[in-house]
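Undergrad: Just run.pdb, nothing more (PDB, C-alpha atoms, pLDDT in the B column):
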ATOM      1  CA  MET A1382       6.493 -17.197   2.299  1.00 89.00           C
ATOM      2  CA  PRO A1383       4.166 -14.226   2.982  1.00 93.00           C
ATOM      3  CA  ALA A1384       0.571 -14.272   1.722  1.00 94.00           C
ATOM      4  CA  ILE A1385       0.951 -10.527   0.965  1.00 93.00           C
ATOM      5  CA  GLU A1386       4.244  -8.704   0.542  1.00 94.00           C
ATOM      6  CA  CYS A1387       4.616  -5.047  -0.297  1.00 93.00           C
ATOM      7  CA  ARG A1388       8.023  -3.396  -0.823  1.00 96.00           C
ATOM      8  CA  SER A1389       8.568   0.327  -1.350  1.00 96.00           C
ATOM      9  CA  LEU A1390       5.066   0.885  -2.733  1.00 96.00           C
ATOM     10  CA  THR A1391       4.657   4.451  -3.995  1.00 97.00           C
ATOM     11  CA  LYS A1392       1.760   6.193  -5.726  1.00 97.00           C
ATOM     12  CA  TYR A1393       1.785   9.798  -6.928  1.00 96.00           C
ATOM     13  CA  TYR A1394      -1.085  11.658  -8.563  1.00 94.00           C
ATOM     14  CA  GLY A1395       0.965  14.126 -10.603  1.00 93.00           C
ATOM     15  CA  ASP A1396       2.876  16.109  -7.969  1.00 93.00           C
ATOM     16  CA  VAL A1397       0.628  14.961  -5.099  1.00 93.00           C
ATOM     17  CA  ARG A1398       1.844  12.028  -2.991  1.00 93.00           C
ATOM     18  CA  GLY A1399      -0.772   9.357  -2.279  1.00 93.00           C
ATOM     19  CA  ILE A1400       1.620   6.928  -0.563  1.00 95.00           C
ATOM     20  CA  GLU A1401       5.395   6.783  -0.479  1.00 95.00           C
ATOM     21  CA  ASP A1402       7.755   3.894   0.266  1.00 96.00           C
ATOM     22  CA  VAL A1403       5.233   1.615   2.066  1.00 95.00           C
ATOM     23  CA  SER A1404       6.607  -1.832   2.971  1.00 96.00           C
ATOM     24  CA  PHE A1405       5.038  -4.685   4.952  1.00 94.00           C
ATOM     25  CA  ALA A1406       4.389  -8.436   4.840  1.00 95.00           C
ATOM     26  CA  VAL A1407       1.412 -10.493   6.019  1.00 95.00           C
ATOM     27  CA  GLU A1408       2.093 -14.157   6.742  1.00 96.00           C
ATOM     28  CA  ASP A1409      -0.386 -17.005   6.156  1.00 95.00           C
ATOM     29  CA  GLY A1410      -2.929 -17.118   8.990  1.00 94.00           C
ATOM     30  CA  GLU A1411      -1.898 -13.728  10.374  1.00 95.00           C
ATOM     31  CA  VAL A1412      -4.526 -11.118  11.254  1.00 95.00           C
ATOM     32  CA  PHE A1413      -3.408  -7.732   9.959  1.00 92.00           C
ATOM     33  CA  GLY A1414      -4.983  -4.346  10.751  1.00 93.00           C
ATOM     34  CA  PHE A1415      -4.491  -1.365   8.463  1.00 90.00           C
ATOM     35  CA  LEU A1416      -4.952   1.718  10.659  1.00 95.00           C
ATOM     36  CA  GLY A1417      -4.118   5.393  10.329  1.00 94.00           C
ATOM     37  CA  PRO A1418      -5.576   8.901  10.348  1.00 96.00           C
ATOM     38  CA  ASN A1419      -7.652  10.398   7.541  1.00 95.00           C
ATOM     39  CA  GLY A1420      -5.522  11.145   4.505  1.00 92.00           C
ATOM     40  CA  ALA A1421      -2.753   8.708   5.493  1.00 93.00           C
ATOM     41  CA  GLY A1422      -3.073   6.680   2.260  1.00 94.00           C
ATOM     42  CA  LYS A1423      -4.844   3.552   3.521  1.00 95.00           C
ATOM     43  CA  THR A1424      -7.363   3.436   0.686  1.00 95.00           C
ATOM     44  CA  THR A1425      -4.737   4.266  -1.934  1.00 95.00           C
ATOM     45  CA  ALA A1426      -2.508   1.460  -0.631  1.00 95.00           C
ATOM     46  CA  ILE A1427      -5.316  -1.122  -0.652  1.00 94.00           C
ATOM     47  CA  ARG A1428      -6.565  -0.085  -4.115  1.00 96.00           C
ATOM     48  CA  THR A1429      -3.007  -0.324  -5.446  1.00 95.00           C
ATOM     49  CA  LEU A1430      -2.477  -3.777  -3.877  1.00 93.00           C
ATOM     50  CA  LEU A1431      -5.764  -4.991  -5.406  1.00 95.00           C
ATOM     51  CA  GLY A1432      -4.764  -3.734  -8.857  1.00 95.00           C
ATOM     52  CA  PHE A1433      -7.417  -1.007  -9.117  1.00 97.00           C
ATOM     53  CA  LEU A1434      -4.640   1.613  -9.311  1.00 95.00           C
ATOM     54  CA  SER A1435      -1.215   1.309 -10.928  1.00 95.00           C
ATOM     55  CA  PRO A1436       1.691   2.085  -8.600  1.00 96.00           C
ATOM     56  CA  THR A1437       4.214   4.764  -9.483  1.00 96.00           C
ATOM     57  CA  SER A1438       6.875   2.371  -8.160  1.00 94.00           C
ATOM     58  CA  GLY A1439       7.234  -0.637  -5.865  1.00 90.00           C
TER      59      GLY A1439
END
Write the structure described by the file as structure tokens, please.

TA:
Amino acid sequence: MPAIECRSLTKYYGDVRGIEDVSFAVEDGEVFGFLGPNGAGKTTAIRTLLGFLSPTSG
């Protein structure tokens, strides 16, 4: 069973896409890096996973 599982996570700010259809799983004891260019949605994804933002879907 994954420690973190994310399926089809999507967050829109009105008509602006923050993240769309993000899916991944992190197993117990696994080291996971969250990398990408500026504006890719890394912070939005993490804030949504932590419950600071409500997802649009997923």

Undergrad: Just give me the residues with any atom within 10 Å of (3.5, -11.1, 3.9), file coordinates, counting all atoms listed in the file, written as a PyMOL selection string.

TA: chain A and resi 1382-1387+1404-1409+1411+1413

Undergrad: With distances taken over only C-alpha atoms, which of A:Gly1417, A:Gly1422, A:Arg1428, A:Val1412 is nearest to Arg1398 (chain A)?

TA: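 Closest to Arg1398 (chain A) of all the choices is A:Gly1422.
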
Undergrad: Quick one: distance from CA of Ile1427 (chain A) to CA of Phe1415 (chain A) in Å, one decimal?

TA: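 For CA of Ile1427 (chain A) relative to CA of Phe1415 (chain A), the distance reads 9.2 Å.
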
Undergrad: How far is it from CA of Glu1401 (chain A) to CA of Pro1436 (chain A), in Å with one decimal?

TA: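 Separation between CA of Glu1401 (chain A) and CA of Pro1436 (chain A): 10.1 Å.
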
Undergrad: I'd like the interatomic distance between CA of Pro1418 (chain A) and CA of Lys1392 (chain A), to a tenth of an Å.

TA: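 The value is 17.9 Å.
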
Undergrad: Produce region 1386-1421 of chain A of the given structure as output with N, CA, C and O atoms, as a tab-separated table (two decimals), in the first residue's frame.

TA:
chain	number	residue	atom	x	y	z
A	1386	GLU	N	-0.65	8.40	-2.44
A	1386	GLU	CA	-1.17	8.05	-3.76
A	1386	GLU	C	-2.02	9.20	-4.28
A	1386	GLU	O	-2.85	9.74	-3.56
A	1387	CYS	N	-1.77	9.58	-5.49
A	1387	CYS	CA	-2.45	10.70	-6.12
A	1387	CYS	C	-2.97	10.22	-7.47
A	1387	CYS	O	-2.19	9.71	-8.28
A	1388	ARG	N	-4.28	10.36	-7.71
A	1388	ARG	CA	-4.85	9.91	-8.99
A	1388	ARG	C	-5.65	11.04	-9.62
A	1388	ARG	O	-6.59	11.55	-9.01
A	1389	SER	N	-5.25	11.42	-10.80
A	1389	SER	CA	-5.96	12.41	-11.63
A	1389	SER	C	-6.22	13.71	-10.87
A	1389	SER	O	-7.31	14.28	-10.97
A	1390	LEU	N	-5.22	14.18	-10.14
A	1390	LEU	CA	-5.35	15.42	-9.38
A	1390	LEU	C	-5.38	16.62	-10.33
A	1390	LEU	O	-4.51	16.76	-11.19
A	1391	THR	N	-6.40	17.45	-10.18
A	1391	THR	CA	-6.56	18.62	-11.04
A	1391	THR	C	-6.94	19.82	-10.18
A	1391	THR	O	-7.73	19.70	-9.24
A	1392	LYS	N	-6.35	20.97	-10.50
A	1392	LYS	CA	-6.68	22.21	-9.80
A	1392	LYS	C	-6.75	23.33	-10.82
A	1392	LYS	O	-5.79	23.59	-11.55
A	1393	TYR	N	-7.89	23.97	-10.91
A	1393	TYR	CA	-8.08	25.15	-11.76
A	1393	TYR	C	-8.35	26.36	-10.88
A	1393	TYR	O	-9.01	26.25	-9.84
A	1394	TYR	N	-7.84	27.49	-11.28
A	1394	TYR	CA	-8.15	28.78	-10.66
A	1394	TYR	C	-9.01	29.53	-11.67
A	1394	TYR	O	-8.49	30.24	-12.52
A	1395	GLY	N	-10.32	29.32	-11.61
A	1395	GLY	CA	-11.20	29.88	-12.64
A	1395	GLY	C	-10.92	29.17	-13.95
A	1395	GLY	O	-11.07	27.96	-14.05
A	1396	ASP	N	-10.49	29.91	-14.96
A	1396	ASP	CA	-10.18	29.32	-16.26
A	1396	ASP	C	-8.69	28.95	-16.40
A	1396	ASP	O	-8.29	28.36	-17.40
A	1397	VAL	N	-7.90	29.28	-15.39
A	1397	VAL	CA	-6.45	29.03	-15.45
A	1397	VAL	C	-6.13	27.68	-14.81
A	1397	VAL	O	-6.52	27.40	-13.68
A	1398	ARG	N	-5.40	26.85	-15.55
A	1398	ARG	CA	-5.01	25.53	-15.06
A	1398	ARG	C	-3.79	25.64	-14.16
A	1398	ARG	O	-2.76	26.18	-14.53
A	1399	GLY	N	-3.91	25.14	-12.94
A	1399	GLY	CA	-2.77	25.03	-12.03
A	1399	GLY	C	-2.06	23.70	-12.28
A	1399	GLY	O	-0.87	23.65	-12.56
A	1400	ILE	N	-2.80	22.61	-12.17
A	1400	ILE	CA	-2.32	21.27	-12.50
A	1400	ILE	C	-3.49	20.51	-13.13
A	1400	ILE	O	-4.65	20.79	-12.86
A	1401	GLU	N	-3.16	19.53	-13.96
A	1401	GLU	CA	-4.22	18.78	-14.62
A	1401	GLU	C	-3.82	17.31	-14.74
A	1401	GLU	O	-2.77	16.99	-15.30
A	1402	ASP	N	-4.65	16.45	-14.16
A	1402	ASP	CA	-4.53	15.00	-14.32
A	1402	ASP	C	-3.18	14.45	-13.85
A	1402	ASP	O	-2.55	13.64	-14.55
A	1403	VAL	N	-2.73	14.85	-12.67
A	1403	VAL	CA	-1.46	14.39	-12.10
A	1403	VAL	C	-1.71	13.10	-11.32
A	1403	VAL	O	-2.60	13.04	-10.47
A	1404	SER	N	-0.93	12.06	-11.62
A	1404	SER	CA	-1.06	10.78	-10.92
A	1404	SER	C	0.33	10.24	-10.57
A	1404	SER	O	1.24	10.29	-11.41
A	1405	PHE	N	0.50	9.77	-9.34
A	1405	PHE	CA	1.73	9.11	-8.93
A	1405	PHE	C	1.50	8.42	-7.59
A	1405	PHE	O	0.49	8.67	-6.92
A	1406	ALA	N	2.41	7.54	-7.22
A	1406	ALA	CA	2.36	6.85	-5.93
A	1406	ALA	C	3.77	6.81	-5.35
A	1406	ALA	O	4.74	6.66	-6.09
A	1407	VAL	N	3.85	6.96	-4.03
A	1407	VAL	CA	5.13	6.88	-3.32
A	1407	VAL	C	4.99	5.77	-2.29
A	1407	VAL	O	4.12	5.83	-1.41
A	1408	GLU	N	5.81	4.74	-2.42
A	1408	GLU	CA	5.75	3.60	-1.51
A	1408	GLU	C	6.47	3.90	-0.20
A	1408	GLU	O	7.31	4.81	-0.14
A	1409	ASP	N	6.16	3.15	0.86
A	1409	ASP	CA	6.85	3.28	2.14
A	1409	ASP	C	8.35	3.11	1.94
A	1409	ASP	O	8.79	2.19	1.25
A	1410	GLY	N	9.15	4.01	2.50
A	1410	GLY	CA	10.59	3.93	2.43
A	1410	GLY	C	11.20	4.43	1.12
A	1410	GLY	O	12.41	4.46	0.99
A	1411	GLU	N	10.38	4.83	0.18
A	1411	GLU	CA	10.87	5.31	-1.11
A	1411	GLU	C	11.25	6.78	-1.01
A	1411	GLU	O	10.58	7.57	-0.35
A	1412	VAL	N	12.34	7.16	-1.67
A	1412	VAL	CA	12.73	8.56	-1.77
A	1412	VAL	C	12.17	9.09	-3.08
A	1412	VAL	O	12.40	8.51	-4.14
A	1413	PHE	N	11.42	10.18	-3.01
A	1413	PHE	CA	10.70	10.69	-4.17
A	1413	PHE	C	11.08	12.15	-4.39
A	1413	PHE	O	10.98	12.97	-3.48
A	1414	GLY	N	11.52	12.49	-5.59
A	1414	GLY	CA	11.85	13.87	-5.94
A	1414	GLY	C	10.75	14.47	-6.78
A	1414	GLY	O	10.20	13.80	-7.66
A	1415	PHE	N	10.43	15.72	-6.54
A	1415	PHE	CA	9.36	16.40	-7.26
A	1415	PHE	C	10.00	17.54	-8.03
A	1415	PHE	O	10.20	18.63	-7.50
A	1416	LEU	N	10.36	17.30	-9.29
A	1416	LEU	CA	11.14	18.24	-10.08
A	1416	LEU	C	10.36	18.72	-11.29
A	1416	LEU	O	9.52	18.00	-11.82
A	1417	GLY	N	10.65	19.93	-11.73
A	1417	GLY	CA	10.05	20.47	-12.94
A	1417	GLY	C	10.40	21.93	-13.10
A	1417	GLY	O	10.87	22.58	-12.16
A	1418	PRO	N	10.15	22.49	-14.28
A	1418	PRO	CA	10.47	23.90	-14.52
A	1418	PRO	C	9.53	24.83	-13.78
A	1418	PRO	O	8.48	24.41	-13.28
A	1419	ASN	N	9.90	26.11	-13.72
A	1419	ASN	CA	9.04	27.12	-13.11
A	1419	ASN	C	7.67	27.10	-13.79
A	1419	ASN	O	7.58	27.00	-15.00
A	1420	GLY	N	6.63	27.20	-12.98
A	1420	GLY	CA	5.28	27.24	-13.51
A	1420	GLY	C	4.69	25.89	-13.87
A	1420	GLY	O	3.62	25.82	-14.46
A	1421	ALA	N	5.38	24.79	-13.52
A	1421	ALA	CA	4.91	23.46	-13.87
A	1421	ALA	C	3.80	22.95	-12.96
A	1421	ALA	O	3.13	21.99	-13.29
